[in-house]
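What follows is a single structure, written as structure tokens, with notes after it.
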Amino acid sequence: MPWPSNVRRRSWAELIPGRFNREPRYRYDTQTGQKQLVSREEVRALRQQGCGDELEGTIVPDIVIHSGNPLDVLAVYDFKFPCPDTNKPSWREYEQGPFAGSTQGKMYLEILKVGPNLIAPIRGIIRWLESQ
């Protein structure tokens, strides 16, 4: 998903320098409950080696605000563009893989330990409790 604008990117960087990430990828170990940040370089290398299936079971929220440590998440935002725009924005349901039957929002909450928020044109920010 393209970033909304360079102006917004610059504003985030000025407001909370070093405390937000755009489209970070997290790997989650369901047995230990531990999460780890997966670097863009690792993602690129896995895909180039034909091992993209190793990324199954990872999550990629659009915006994460953190304490300065990307594993210490304070807020999560995900952009949704319902079509037509009169439709209510909603979390995508995983149809296969380790998260099958669950929604993005529920997995973000379980893994990142913070209620994620939807951002949608016209509607603005939809808080976690309202998005259920």
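Ligands are numbered from 1 in the order shown, chains are lettered A, B, ... in the order of the structure tokens, and residues start at 1 in each chain.
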
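The residues of range 25-107 of chain A that DSSP assigns to helix (DSSP H, G or I) on this backbone come out as Arg40, Glu41, Glu42, Val43, Arg44, Ala45, Leu46, Arg47, Gln48, Gly52, Asp53, Glu54, Leu55, Gln104, Gly105, Lys106 and Met107 of chain A.
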
Using the selection just defined, write its residues with C-alpha atoms as a tab-separated table (two decimals), in the first residue's frame.
```
chain	number	residue	atom	x	y	z
A	40	ARG	CA	12.93	-5.95	5.06
A	41	GLU	CA	16.27	-7.47	4.06
A	42	GLU	CA	15.27	-10.86	5.47
A	43	VAL	CA	11.91	-10.69	3.65
A	44	ARG	CA	13.66	-9.81	0.38
A	45	ALA	CA	16.23	-12.61	0.83
A	46	LEU	CA	13.57	-15.24	1.60
A	47	ARG	CA	11.59	-14.26	-1.47
A	48	GLN	CA	14.66	-14.22	-3.72
A	52	GLY	CA	8.52	-16.86	0.70
A	53	ASP	CA	6.36	-19.52	2.37
A	54	GLU	CA	8.48	-18.98	5.48
A	55	LEU	CA	6.69	-15.64	5.82
A	104	GLN	CA	-6.35	-9.39	11.07
A	105	GLY	CA	-7.58	-7.29	13.98
A	106	LYS	CA	-7.78	-10.24	16.36
A	107	MET	CA	-4.29	-11.42	15.39
```

Quick one: everything within 9 Å of range 26-35 of chain A, counting only C-alpha atoms, minus sequence neighbours fewer than 3 positions away in the same chain. Send it as an mmCIF file with C-alpha atoms, in the first residue's frame.
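File written: result.cif
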```cif
data_model
loop_
_atom_site.group_PDB
_atom_site.id
_atom_site.type_symbol
_atom_site.label_atom_id
_atom_site.label_comp_id
_atom_site.auth_asym_id
_atom_site.auth_seq_id
_atom_site.Cartn_x
_atom_site.Cartn_y
_atom_site.Cartn_z
ATOM 1 C CA VAL A 38 11.453 -9.427 10.510
ATOM 2 C CA SER A 39 13.697 -7.039 8.599
ATOM 3 C CA LEU A 55 6.694 -15.637 5.819
ATOM 4 C CA GLU A 56 3.367 -17.417 6.412
ATOM 5 C CA GLY A 57 2.214 -16.644 9.925
ATOM 6 C CA THR A 58 3.690 -13.148 9.932
ATOM 7 C CA ILE A 59 1.654 -9.960 10.239
ATOM 8 C CA VAL A 60 2.210 -6.589 8.549
ATOM 9 C CA PRO A 61 0.181 -3.737 10.058
ATOM 10 C CA LEU A 71 8.629 -4.843 19.901
ATOM 11 C CA GLU A 110 -3.044 -11.216 20.201
ATOM 12 C CA ILE A 111 0.450 -10.660 18.826
ATOM 13 C CA LEU A 112 1.057 -6.956 19.471
#
```

TODO: Can you check which residues of range 2-112 of chain A DSSP gives as strand (DSSP E) on the backbone and send them as a PyMOL selection string?
DONE: chain A and resi 20-22+25-29+34-38+58-59+63-66+73-79

Task: Residue nearest Leu74 in chain A among A:Leu109, A:Val114, A:Ile122, A:Leu37 (counting only C-alpha atoms) - done: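 Using only C-alpha atoms, the shortest distance to Leu74 in chain A belongs to A:Val114.
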
Task: Close residues, range 88-90 of chain A itself excluded, 7 Å, only C-alpha atoms, min 4 positions apart in chain, as JSON, numbers by chain - done: {"A": [80, 81, 82, 120, 131]}
